[in-house]
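Below is final-v1.txt, holding compact mmCIF, C-alpha atoms.
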```txt
# COMPACT_ATOMS: atom_id res chain seq x y z
CA MET A 97 -18.37 13.73 -20.05
CA ALA A 98 -19.12 13.08 -16.39
CA GLU A 99 -18.73 9.49 -15.23
CA ARG A 100 -19.96 7.49 -12.27
CA GLN A 101 -17.57 5.09 -10.61
CA THR A 102 -18.61 2.53 -8.00
CA VAL A 103 -16.29 1.66 -5.13
CA ASP A 104 -17.34 -1.54 -3.42
CA ALA A 105 -16.03 -1.11 0.13
CA ARG A 106 -18.42 -3.60 1.72
CA GLY A 107 -16.70 -5.55 4.47
CA ALA A 108 -13.53 -3.46 4.13
CA PHE A 109 -11.93 -3.11 7.55
CA CYS A 110 -8.96 -1.23 6.11
CA PRO A 111 -8.70 1.29 4.53
CA GLY A 112 -12.49 1.61 4.82
CA PRO A 113 -15.23 3.39 2.85
CA LEU A 114 -14.25 7.03 3.49
CA MET A 115 -10.58 6.42 2.72
CA GLU A 116 -11.61 4.64 -0.49
CA LEU A 117 -13.85 7.58 -1.39
CA ILE A 118 -11.04 10.10 -0.82
CA ALA A 119 -8.72 8.05 -3.04
CA ALA A 120 -11.36 7.70 -5.77
CA LEU A 121 -12.18 11.43 -5.75
CA LYS A 122 -8.50 12.27 -6.30
CA LEU A 123 -8.61 10.34 -9.58
CA ALA A 124 -12.02 11.64 -10.67
CA SER A 125 -12.71 14.73 -12.78
CA VAL A 126 -14.89 17.63 -11.60
CA GLY A 127 -18.52 16.65 -12.19
CA ASP A 128 -17.86 12.90 -11.88
CA GLU A 129 -19.80 10.92 -9.29
CA VAL A 130 -18.43 8.26 -6.99
CA GLU A 131 -20.78 5.71 -5.48
CA VAL A 132 -19.49 4.01 -2.35
CA LEU A 133 -21.04 0.72 -1.28
CA SER A 134 -20.54 0.29 2.45
CA SER A 135 -21.63 -2.30 4.99
CA ASP A 136 -20.83 0.20 7.75
CA LYS A 137 -23.92 2.24 8.63
CA GLY A 138 -21.60 4.97 9.98
CA SER A 139 -20.69 5.82 6.37
CA VAL A 140 -24.18 7.33 5.92
CA ASN A 141 -23.17 10.06 8.40
CA ASP A 142 -19.35 10.17 8.02
CA ILE A 143 -19.27 10.61 4.28
CA PRO A 144 -21.77 13.53 4.01
CA ALA A 145 -20.06 15.23 6.97
CA TRP A 146 -16.64 15.05 5.30
CA VAL A 147 -18.01 15.99 1.87
CA ALA A 148 -19.58 19.15 3.35
CA LYS A 149 -16.28 20.08 5.04
CA VAL A 150 -14.25 19.92 1.82
CA GLY A 151 -16.86 21.34 -0.55
CA HIS A 152 -17.86 18.37 -2.70
CA GLN A 153 -21.54 17.58 -3.28
CA PHE A 154 -23.46 14.88 -1.43
CA VAL A 155 -25.91 13.38 -3.92
CA GLY A 156 -27.71 10.92 -1.65
CA SER A 157 -27.65 7.63 0.20
CA THR A 158 -29.85 4.55 -0.07
CA GLU A 159 -30.21 1.55 2.21
CA LEU A 160 -30.06 -1.62 0.15
CA ASP A 161 -29.97 -5.28 1.12
CA GLY A 162 -27.81 -5.09 4.26
CA TYR A 163 -25.56 -2.32 2.96
CA TRP A 164 -25.68 1.33 1.95
CA SER A 165 -25.03 3.16 -1.30
CA VAL A 166 -23.64 6.68 -0.80
CA ILE A 167 -23.16 8.91 -3.85
CA VAL A 168 -20.87 11.95 -3.99
CA LYS A 169 -20.18 14.36 -6.85
CA LYS A 170 -16.71 15.88 -7.20
CA ALA A 171 -17.34 19.64 -7.13
CA LYS A 172 -13.84 21.14 -7.30
CA MET M 40 2.50 -26.91 -26.33
CA SER M 41 4.54 -24.93 -23.80
CA LYS M 42 2.67 -22.52 -21.55
CA THR M 43 4.29 -19.17 -20.78
CA ILE M 44 3.67 -17.46 -17.46
CA LEU M 45 4.73 -13.83 -17.63
CA ILE M 46 5.12 -11.87 -14.39
CA VAL M 47 5.27 -8.09 -14.69
CA GLY M 48 6.93 -6.58 -11.63
CA GLY M 49 9.90 -7.80 -9.59
CA GLY M 50 8.91 -6.62 -6.13
CA LEU M 51 7.71 -8.72 -3.22
CA ALA M 52 4.49 -10.00 -4.80
CA GLY M 53 5.95 -10.90 -8.19
CA THR M 54 9.02 -12.51 -6.64
CA ILE M 55 7.02 -14.71 -4.25
CA VAL M 56 4.73 -15.80 -7.09
CA ALA M 57 7.65 -16.60 -9.40
CA ASN M 58 9.61 -18.59 -6.81
CA GLY M 59 6.50 -20.34 -5.50
CA LEU M 60 5.53 -21.43 -9.01
CA CYS M 61 9.01 -22.90 -9.53
CA ARG M 62 8.57 -25.00 -6.40
CA GLN M 63 5.23 -26.35 -7.58
CA LEU M 64 5.90 -26.72 -11.29
CA GLY M 65 9.30 -28.45 -11.17
CA ALA M 66 8.35 -31.31 -13.51
CA GLN M 67 6.71 -28.98 -16.05
CA LEU M 68 9.71 -26.63 -16.00
CA ARG M 69 12.09 -29.59 -16.53
CA SER M 70 10.09 -30.94 -19.47
CA GLY M 71 9.65 -27.52 -21.04
CA ALA M 72 5.87 -27.65 -20.69
CA VAL M 73 6.00 -24.38 -18.75
CA SER M 74 8.30 -21.38 -18.77
CA ILE M 75 8.30 -18.47 -16.34
CA THR M 76 9.50 -15.01 -17.31
CA MET M 77 9.67 -11.93 -15.10
CA LEU M 78 10.07 -8.30 -16.11
CA GLY M 79 11.44 -6.03 -13.39
CA ALA M 80 12.88 -2.57 -12.96
CA SER M 81 16.06 -3.34 -11.03
CA ASP M 82 18.77 -5.95 -10.54
CA THR M 83 18.43 -5.48 -6.78
CA HIS M 84 15.56 -6.42 -4.48
CA MET M 85 14.74 -4.13 -1.58
CA TYR M 86 13.08 -5.11 1.70
CA GLN M 87 10.77 -2.10 1.80
CA PRO M 88 9.63 -2.37 5.46
CA GLY M 89 13.26 -1.76 6.41
CA LEU M 90 12.84 1.87 5.34
CA LEU M 91 10.96 2.57 8.58
CA TYR M 92 14.14 1.99 10.57
CA VAL M 93 16.55 3.97 8.35
CA PRO M 94 15.69 7.48 9.67
CA PHE M 95 16.48 6.31 13.19
CA GLY M 96 19.74 4.59 12.21
CA ARG M 97 18.32 1.22 13.21
CA MET M 98 18.84 -0.60 9.95
CA ARG M 99 21.92 -0.52 7.79
CA GLU M 100 21.15 -0.04 4.13
CA HIS M 101 23.01 -3.16 3.03
CA GLU M 102 20.66 -5.27 5.18
CA MET M 103 17.75 -4.19 2.97
CA PHE M 104 19.14 -5.30 -0.37
CA ARG M 105 19.89 -8.55 -2.18
CA GLU M 106 20.74 -9.16 -5.81
CA GLN M 107 17.49 -10.10 -7.54
CA SER M 108 19.30 -12.87 -9.43
CA ARG M 109 20.14 -14.49 -6.06
CA VAL M 110 16.61 -14.09 -4.70
CA LEU M 111 14.97 -15.59 -7.79
CA ASP M 112 14.99 -19.28 -8.64
CA ARG M 113 17.48 -19.91 -11.46
CA ARG M 114 14.74 -21.36 -13.66
CA ILE M 115 13.06 -17.94 -13.97
CA HIS M 116 13.97 -15.88 -17.03
CA TYR M 117 14.49 -12.46 -15.49
CA TYR M 118 14.84 -9.27 -17.50
CA VAL M 119 15.63 -5.85 -16.08
CA ASP M 120 13.39 -4.28 -18.67
CA PRO M 121 10.21 -2.70 -17.29
CA ALA M 122 6.92 -3.22 -19.10
CA LYS M 123 5.82 -0.30 -21.24
CA HIS M 124 2.50 -1.56 -22.59
CA VAL M 125 0.21 -4.48 -21.83
CA ASP M 126 -2.00 -5.63 -24.70
CA ALA M 127 -4.65 -7.89 -23.17
CA GLU M 128 -6.22 -8.59 -26.58
CA LYS M 129 -3.03 -9.78 -28.26
CA LYS M 130 -1.81 -11.39 -25.01
CA GLN M 131 1.54 -9.65 -25.11
CA VAL M 132 3.61 -7.14 -23.19
CA SER M 133 6.09 -4.73 -24.76
CA THR M 134 8.99 -3.35 -22.77
CA GLN M 135 10.94 -0.14 -22.50
CA SER M 136 13.82 -1.61 -24.54
CA GLY M 137 11.47 -2.59 -27.37
CA ARG M 138 11.14 -6.33 -26.69
CA THR M 139 7.76 -8.08 -26.92
CA PHE M 140 6.79 -10.97 -24.67
CA LYS M 141 3.80 -13.24 -25.39
CA TYR M 142 1.99 -14.96 -22.54
CA ASP M 143 -0.57 -17.63 -21.77
CA TYR M 144 -0.98 -16.40 -18.21
CA LEU M 145 -0.08 -12.89 -17.11
CA VAL M 146 0.56 -11.85 -13.50
CA LEU M 147 0.42 -8.10 -12.88
CA ALA M 148 2.54 -7.20 -9.85
CA THR M 149 3.56 -3.66 -10.73
CA GLY M 150 3.05 -2.27 -7.22
CA SER M 151 2.54 1.31 -6.13
CA ARG M 152 4.64 4.45 -5.94
CA ILE M 153 4.64 7.63 -3.90
CA MET M 154 3.39 10.80 -5.59
CA PRO M 155 4.56 13.78 -3.48
CA GLN M 156 4.57 15.80 -6.71
CA SER M 157 0.77 15.55 -6.82
CA ILE M 158 0.42 18.04 -3.94
CA PRO M 159 1.77 21.58 -4.48
CA GLY M 160 4.86 22.27 -2.35
CA MET M 161 5.11 18.79 -0.86
CA GLN M 162 8.15 17.65 -2.79
CA GLU M 163 10.06 20.82 -1.90
CA ALA M 164 9.19 21.04 1.79
CA ALA M 165 8.42 17.58 3.11
CA HIS M 166 10.41 14.56 4.20
CA TRP M 167 9.28 10.96 3.91
CA PHE M 168 10.63 7.47 4.45
CA TYR M 169 8.75 5.51 1.79
CA ASP M 170 11.74 5.38 -0.56
CA LEU M 171 15.47 5.08 0.13
CA GLU M 172 16.43 8.59 -0.90
CA GLY M 173 13.65 10.05 1.26
CA ALA M 174 14.60 7.88 4.24
CA ARG M 175 18.25 9.00 3.97
CA LYS M 176 17.23 12.69 3.84
CA LEU M 177 14.90 12.23 6.79
CA ARG M 178 17.70 10.52 8.74
CA ASP M 179 19.92 13.59 8.13
CA ALA M 180 17.11 16.00 9.02
CA LEU M 181 16.40 14.17 12.28
CA ASN M 182 20.08 14.07 13.19
CA ASN M 183 20.30 17.85 12.73
CA PHE M 184 16.95 18.65 14.37
CA GLN M 185 17.27 20.66 17.57
CA GLY M 186 13.59 21.11 18.42
CA GLY M 187 10.38 22.64 17.16
CA LYS M 188 7.09 21.58 15.59
CA ILE M 189 7.05 18.23 13.80
CA VAL M 190 4.00 17.33 11.74
CA VAL M 191 3.52 13.68 10.74
CA ASN M 192 1.07 13.97 7.87
CA ILE M 193 -0.71 10.98 6.33
CA ASN M 194 -2.35 11.10 2.90
CA ALA M 195 -4.72 8.77 1.06
CA PRO M 196 -4.23 6.37 -0.51
CA HIS M 197 -1.04 4.93 0.92
CA LYS M 198 0.52 1.54 1.44
CA CYS M 199 1.61 -0.06 4.69
CA PRO M 200 -1.15 1.60 6.75
CA VAL M 201 0.44 0.95 10.14
CA ALA M 202 3.84 2.46 9.28
CA PRO M 203 2.79 6.06 10.10
CA VAL M 204 1.72 5.03 13.62
CA GLU M 205 4.93 3.07 14.06
CA PHE M 206 7.01 5.99 12.84
CA THR M 207 5.27 8.43 15.20
CA LEU M 208 5.86 6.23 18.26
CA MET M 209 9.48 5.59 17.27
CA LEU M 210 9.97 9.32 16.67
CA HIS M 211 8.78 10.03 20.21
CA GLU M 212 11.36 7.60 21.62
CA PHE M 213 14.10 8.87 19.31
CA LEU M 214 13.59 12.46 20.52
CA GLU M 215 13.44 11.32 24.14
CA GLY M 216 16.71 9.50 23.67
CA LYS M 217 18.35 12.66 22.34
CA GLY M 218 16.94 14.71 25.21
CA LEU M 219 14.90 16.79 22.79
CA ARG M 220 11.36 15.62 23.45
CA ASP M 221 10.58 18.59 25.71
CA LYS M 222 11.64 20.95 22.94
CA CYS M 223 9.42 19.29 20.33
CA GLU M 224 5.74 19.25 19.54
CA ILE M 225 4.58 16.26 17.50
CA THR M 226 1.26 16.51 15.64
CA TYR M 227 -0.14 13.53 13.71
CA THR M 228 -2.70 14.25 10.99
CA TYR M 229 -5.03 11.67 9.44
CA PRO M 230 -7.44 11.89 6.48
CA ILE M 231 -10.56 10.42 8.11
CA GLY M 232 -12.41 10.95 11.39
CA ARG M 233 -10.17 8.79 13.59
CA LEU M 234 -6.45 8.13 14.06
CA HIS M 235 -6.30 5.04 11.87
CA SER M 236 -8.45 3.37 9.23
CA LEU M 237 -8.51 0.19 11.34
CA GLU M 238 -10.94 1.10 14.10
CA PRO M 239 -9.26 -1.03 16.83
CA VAL M 240 -5.86 0.50 15.98
CA ALA M 241 -7.44 3.97 16.21
CA HIS M 242 -8.97 3.14 19.60
CA TRP M 243 -5.67 1.79 20.86
CA ALA M 244 -3.55 4.67 19.49
CA GLY M 245 -5.75 7.45 20.96
CA PRO M 246 -4.86 6.97 24.64
CA VAL M 247 -1.26 6.04 23.78
CA PHE M 248 -0.76 9.30 21.87
CA GLU M 249 -2.39 11.24 24.69
CA GLN M 250 -0.12 9.64 27.29
CA LEU M 251 2.97 10.48 25.20
CA GLY M 252 1.85 14.05 24.53
CA ILE M 253 1.43 13.48 20.78
CA LYS M 254 -1.18 15.85 19.36
CA SER M 255 -3.46 14.87 16.51
CA GLU M 256 -5.76 16.36 13.94
CA ILE M 257 -8.28 14.17 12.10
CA PHE M 258 -10.10 14.94 8.84
CA PHE M 259 -6.88 16.40 7.45
CA ASN M 260 -6.38 15.86 3.70
CA THR M 261 -3.45 17.86 2.41
CA GLU M 262 -4.25 20.49 -0.19
CA SER M 263 -0.87 22.24 -0.35
CA VAL M 264 2.39 22.87 1.45
CA ASP M 265 4.08 26.28 1.57
CA PRO M 266 7.86 25.66 1.64
CA VAL M 267 8.66 29.32 2.44
CA ALA M 268 6.10 29.99 5.18
CA LYS M 269 6.54 26.36 6.37
CA THR M 270 2.84 25.69 6.66
CA ILE M 271 0.66 22.81 5.53
CA THR M 272 -2.96 23.43 4.52
CA SER M 273 -5.75 20.87 4.44
CA MET M 274 -8.72 20.60 2.08
CA GLU M 275 -10.82 20.94 5.23
CA GLY M 276 -9.43 24.46 5.81
CA SER M 277 -6.84 23.91 8.54
CA VAL M 278 -3.41 25.57 8.34
CA MET M 279 -0.59 24.14 10.43
CA PRO M 280 2.94 25.52 10.90
CA PHE M 281 5.89 23.12 10.99
CA ASP M 282 9.64 23.08 11.47
CA LEU M 283 9.89 19.51 10.19
CA LEU M 284 7.24 17.94 7.99
CA VAL M 285 7.23 14.15 7.68
CA THR M 286 4.64 13.06 5.18
CA ILE M 287 3.25 9.80 3.89
CA PRO M 288 2.66 10.99 0.33
CA PRO M 289 -0.41 9.85 -1.63
CA HIS M 290 0.27 6.77 -3.74
CA GLU M 291 -0.60 5.71 -7.26
CA GLY M 292 -0.14 2.47 -9.11
CA ALA M 293 2.35 1.99 -11.94
CA ALA M 294 2.09 4.18 -15.04
CA VAL M 295 2.12 1.11 -17.32
CA ILE M 296 -1.25 0.06 -15.86
CA SER M 297 -3.07 3.34 -16.49
CA GLU M 298 -1.32 3.91 -19.82
CA SER M 299 -2.39 0.43 -21.00
CA GLY M 300 -6.00 1.21 -20.06
CA LEU M 301 -6.04 -1.46 -17.36
CA GLY M 302 -7.10 0.76 -14.47
CA LYS M 303 -7.39 4.36 -13.34
CA GLY M 304 -4.53 5.50 -11.14
CA GLY M 305 -2.64 2.30 -11.86
CA TRP M 306 -5.04 0.13 -9.84
CA VAL M 307 -6.46 -2.85 -11.74
CA PRO M 308 -10.11 -3.82 -11.12
CA THR M 309 -9.65 -7.26 -9.56
CA ASN M 310 -11.95 -10.04 -8.38
CA THR M 311 -11.64 -10.03 -4.60
CA LYS M 312 -11.54 -13.85 -4.34
CA THR M 313 -10.02 -15.23 -7.53
CA LEU M 314 -7.58 -12.32 -8.10
CA HIS M 315 -8.47 -12.35 -11.79
CA ARG M 316 -8.42 -9.01 -13.54
CA GLU M 317 -12.15 -8.29 -13.97
CA GLY M 318 -13.17 -9.53 -17.41
CA SER M 319 -10.07 -11.68 -18.02
CA ASP M 320 -9.46 -15.33 -17.25
CA ASP M 321 -5.77 -15.29 -18.15
CA ILE M 322 -4.67 -12.17 -16.24
CA PHE M 323 -4.11 -12.23 -12.48
CA VAL M 324 -3.37 -9.29 -10.23
CA VAL M 325 -1.44 -9.41 -6.97
CA GLY M 326 -0.18 -7.02 -4.28
CA ASP M 327 -0.60 -3.25 -4.35
CA THR M 328 -1.66 -3.36 -8.02
CA THR M 329 -5.20 -4.57 -7.25
CA ASN M 330 -8.09 -2.21 -6.55
CA ILE M 331 -9.36 -4.56 -3.80
CA PRO M 332 -10.44 -2.38 -0.85
CA ILE M 333 -8.00 -3.88 1.66
CA SER M 334 -4.67 -2.71 3.06
CA LYS M 335 -1.90 -2.31 0.56
CA ALA M 336 0.73 -4.11 2.58
CA GLY M 337 3.49 -6.66 2.20
CA SER M 338 1.51 -9.27 4.08
CA THR M 339 -1.52 -8.78 1.82
CA ALA M 340 0.71 -9.28 -1.20
CA HIS M 341 2.25 -12.37 0.41
CA PHE M 342 -1.09 -14.04 1.24
CA GLU M 343 -2.50 -13.18 -2.19
CA ALA M 344 0.64 -14.60 -3.80
CA ASP M 345 0.25 -17.90 -1.90
CA VAL M 346 -3.30 -18.27 -3.26
CA LEU M 347 -2.26 -17.31 -6.78
CA ILE M 348 0.60 -19.84 -6.78
CA ASP M 349 -1.78 -22.66 -5.82
CA ASN M 350 -4.32 -21.62 -8.43
CA LEU M 351 -1.90 -21.14 -11.32
CA ALA M 352 -0.11 -24.41 -10.53
CA SER M 353 -3.45 -26.25 -10.34
CA LEU M 354 -4.62 -24.72 -13.61
CA VAL M 355 -1.42 -25.73 -15.39
CA GLN M 356 -1.19 -29.22 -13.91
CA GLU M 357 -4.81 -30.26 -13.54
CA GLY M 358 -6.93 -27.67 -15.31
CA ARG M 359 -8.81 -26.91 -12.12
CA TRP M 360 -9.12 -24.14 -9.56
CA ALA M 361 -7.56 -24.63 -6.11
CA ARG M 362 -8.87 -22.03 -3.66
CA GLU M 363 -10.00 -18.45 -3.11
CA TYR M 364 -8.31 -15.54 -1.36
CA ASP M 365 -10.03 -14.77 1.95
CA GLY M 366 -8.75 -11.21 2.37
CA LYS M 367 -6.12 -12.13 4.95
CA ALA M 368 -3.72 -9.42 6.13
CA PHE M 369 -1.29 -9.46 9.05
CA CYS M 370 0.69 -6.42 10.14
CA PHE M 371 3.32 -6.14 12.83
CA ILE M 372 3.15 -2.77 14.61
CA GLU M 373 6.29 -1.40 16.26
CA THR M 374 5.09 0.55 19.32
CA GLY M 375 8.52 2.04 19.97
CA PHE M 376 12.09 0.74 19.96
CA THR M 377 11.48 -2.02 22.51
CA THR M 378 7.88 -3.23 22.16
CA GLY M 379 5.57 -4.25 19.35
CA THR M 380 2.18 -5.68 18.60
CA TYR M 381 0.29 -6.99 15.55
CA VAL M 382 -3.10 -6.94 13.93
CA TRP M 383 -4.63 -9.48 11.55
CA PHE M 384 -7.97 -9.69 9.78
CA ASN M 385 -9.67 -11.00 6.65
CA TYR M 386 -12.90 -10.32 4.78
CA GLN M 387 -14.94 -11.97 7.55
CA THR M 388 -12.90 -11.42 10.71
CA PRO M 389 -12.59 -7.94 12.19
CA PRO M 390 -9.14 -6.86 13.36
CA THR M 391 -8.01 -6.85 16.99
CA VAL M 392 -4.83 -5.38 18.44
CA ALA M 393 -2.77 -7.72 20.63
CA PRO M 394 -1.25 -6.26 23.83
CA PRO M 395 2.18 -4.80 22.95
CA SER M 396 5.14 -6.83 24.22
CA GLN M 397 8.90 -7.09 23.93
CA MET M 398 8.54 -10.54 22.41
CA LEU M 399 6.40 -9.28 19.53
CA HIS M 400 9.00 -6.57 18.86
CA TRP M 401 11.73 -9.23 18.70
CA PHE M 402 9.54 -11.30 16.40
CA LYS M 403 9.25 -8.31 14.09
CA LEU M 404 13.02 -7.83 14.16
CA ALA M 405 13.43 -11.53 13.36
CA TYR M 406 10.99 -11.23 10.46
CA ASN M 407 13.07 -8.37 9.06
CA ARG M 408 15.62 -11.11 8.32
CA LEU M 409 13.23 -14.00 7.69
CA TYR M 410 11.72 -11.93 4.87
CA TRP M 411 14.33 -13.30 2.48
CA LEU M 412 12.87 -16.77 3.02
CA SER M 413 9.40 -15.40 2.18
CA ALA M 414 10.71 -13.83 -1.01
CA ARG M 415 12.24 -17.18 -1.99
CA GLY M 416 8.88 -18.87 -1.45
CA LEU M 417 10.04 -20.86 1.60
CA LEU M 418 8.09 -19.15 4.39
```

How would this structure read if it were set down as structure tokens?
Amino acid sequence: MAERQTVDARGAFCPGPLMELIAALKLASVGDEVEVLSSDKGSVNDIPAWVAKVGHQFVGSTELDGYWSVIVKKAK
Amino acid sequence: MSKTILIVGGGLAGTIVANGLCRQLGAQLRSGAVSITMLGASDTHMYQPGLLYVPFGRMREHEMFREQSRVLDRRIHYYVDPAKHVDAEKKQVSTQSGRTFKYDYLVLATGSRIMPQSIPGMQEAAHWFYDLEGARKLRDALNNFQGGKIVVNINAPHKCPVAPVEFTLMLHEFLEGKGLRDKCEITYTYPIGRLHSLEPVAHWAGPVFEQLGIKSEIFFNTESVDPVAKTITSMEGSVMPFDLLVTIPPHEGAAVISESGLGKGGWVPTNTKTLHREGSDDIFVVGDTTNIPISKAGSTAHFEADVLIDNLASLVQEGRWAREYDGKAFCFIETGFTTGTYVWFNYQTPPTVAPPSQMLHWFKLAYNRLYWLSARGLL
């Protein structure tokens, strides 16, 4: 059964939201979703751009109270 | 009634916690009100940052090791008997030899490990310096290398995030010293859209790499390595030939963590300030074992350990909390064989890179020896 995992990378200077996402996707199963919470607005562009390059699925992003939620589904 | 503190893991984090607790809980240890037990995997303690120097012949292996029994305070009950299963409900840990240890407070310091076997072809074709055997093989490969394409390939997640940059800059100087730099092409690959996860380090490294003729490819996450064709392929679709592949393999936490159901990949969900395992008030997590989104580095483990020592000692002695971890990390960065710099940051303070200098390089070399005071809880 597909799961959703949340990675709270808010305020993370290192390794940062995209690196955390890559690490989380390696441990996820195909069909699982990973939600990244990021205080870096750049993640809203960086993450979908990388996801498109490697063939995962960008589910969506939402601006919340001073941070962003970006959701990705592992597609392969 | 006596309280038992059980520390699982005998690396840097666990050792600092154990020795630091002995310094603060002397009266309780004397009276028998507290006992400290550690479960480790080896009777020797390795200074892991020393591995960076081994491929270049700049650190002798014996300098990196001490007997764990001489590093640990004599009041610690140390067993070379790695944990096999942690039962958080029953508050006990069973070991590979079949022993069972009960605890009142548990410290998980099981660390991380490299997983080159998780990428097809990597184990067969790549070199690395993140363990002693790999560092020795890389030293031999570099000594025999006569020129060609060298790829320095970084994978996520990995510990000691500045080591790949340090290695690349030292490699450049090493090849120059051997008169081979003109015959070599160095390409550095990185998983995200810049040269380092720390933005200021990435901004600093860009022009330095350019000046030294070091090529780079960003958004490169290794999918496979072909040991016969000597090519490395990324998930992003890039294929790169190599004569020598130096990789920072992806890491995972300890198997005992995932097999005990404490965290996927061996990383334990951990409160970023109190260092409690999420959902437990008697289990603490320190060092690489946490899932806190900060650098997995020796300094992180050290600063976390300092906080944990104060909190555990305060809980035992006064039943109160002492302080919270602020996310502090400090990393020396070797910028070659003669200069160095550093970067520090915490949850609130963004990192900055200090101008490289000879003095900072010497300070790093000094710390390579001062480490043994840190491990003993003195520095």

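Close contacts of segment 58-65 of chain M, defined as residues with an atom at most 6 Å away when counting only C-alpha atoms, with chain neighbours fewer than 2 positions off set aside, comprise Ile55, Val56, Gln67, Leu68, Asp112, Ile348, Arg415 and Gly416 of chain M.
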
Using only C-alpha atoms, I'd like a table of the residues in chain M that come within 6 Å of chain A; for each, show the closest atom pair and its distance in Å rounded to one decimal, ordered by chain and ascending number, as a tab-separated table.
```
residue	atom	partner	partner_atom	distance
M:Ala195	CA	A:Ala119	CA	5.8
M:Pro196	CA	A:Ala119	CA	5.4
M:Ser236	CA	A:Pro111	CA	5.1
M:Leu237	CA	A:Cys110	CA	5.4
M:Met274	CA	A:Val150	CA	5.6
M:Glu275	CA	A:Val150	CA	4.9
M:Pro332	CA	A:Ala105	CA	5.8
M:Ile333	CA	A:Cys110	CA	5.3
M:Ser334	CA	A:Cys110	CA	5.5
```

Inset, instruction - May I have the residues within 8 Å of Ala52 of chain M as a PyMOL selection string, using all atoms listed in the file and disregarding those fewer than 5 positions away in the same chain? - result: chain M and resi 148+325-326+337+340-341+344

Output file for the selection above: C-alpha atoms, as an mmCIF file, keeping the file's coordinate frame:
```
data_model
loop_
_atom_site.group_PDB
_atom_site.id
_atom_site.type_symbol
_atom_site.label_atom_id
_atom_site.label_comp_id
_atom_site.auth_asym_id
_atom_site.auth_seq_id
_atom_site.Cartn_x
_atom_site.Cartn_y
_atom_site.Cartn_z
ATOM 1 C CA ALA M 148 2.540 -7.200 -9.850
ATOM 2 C CA VAL M 325 -1.440 -9.410 -6.970
ATOM 3 C CA GLY M 326 -0.180 -7.020 -4.280
ATOM 4 C CA GLY M 337 3.490 -6.660 2.200
ATOM 5 C CA ALA M 340 0.710 -9.280 -1.200
ATOM 6 C CA HIS M 341 2.250 -12.370 0.410
ATOM 7 C CA ALA M 344 0.640 -14.600 -3.800
#
```

Given 5 Å of margin on each side, can you work out the centre and size in Å (one decimal) of an axis-aligned box holding every listed atom of segment 149-160 of chain A, as JSON?
```
{"center_x": -22.2, "center_y": 9.9, "center_z": 0.6, "size_x": 26.0, "size_y": 33.0, "size_z": 19.0}
```

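Residues in contact with Ala414 of chain M at up to 7 Å, not including ones fewer than 5 positions away on its chain and judged by only C-alpha atoms, are M:Leu51, M:Thr54, M:Ile55, M:Val110.
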
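Residues surrounding segment 247-252 of chain M within 9 Å are Leu208, His211, Glu224 and Ile225 of chain M [only C-alpha atoms; sequence separation below 5 positions excluded].
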
Legend entry - Pairwise distance for atom CA of Asp349 of chain M and atom CA of Glu363 of chain M, rounded to one decimal in Å: 9.6 Å
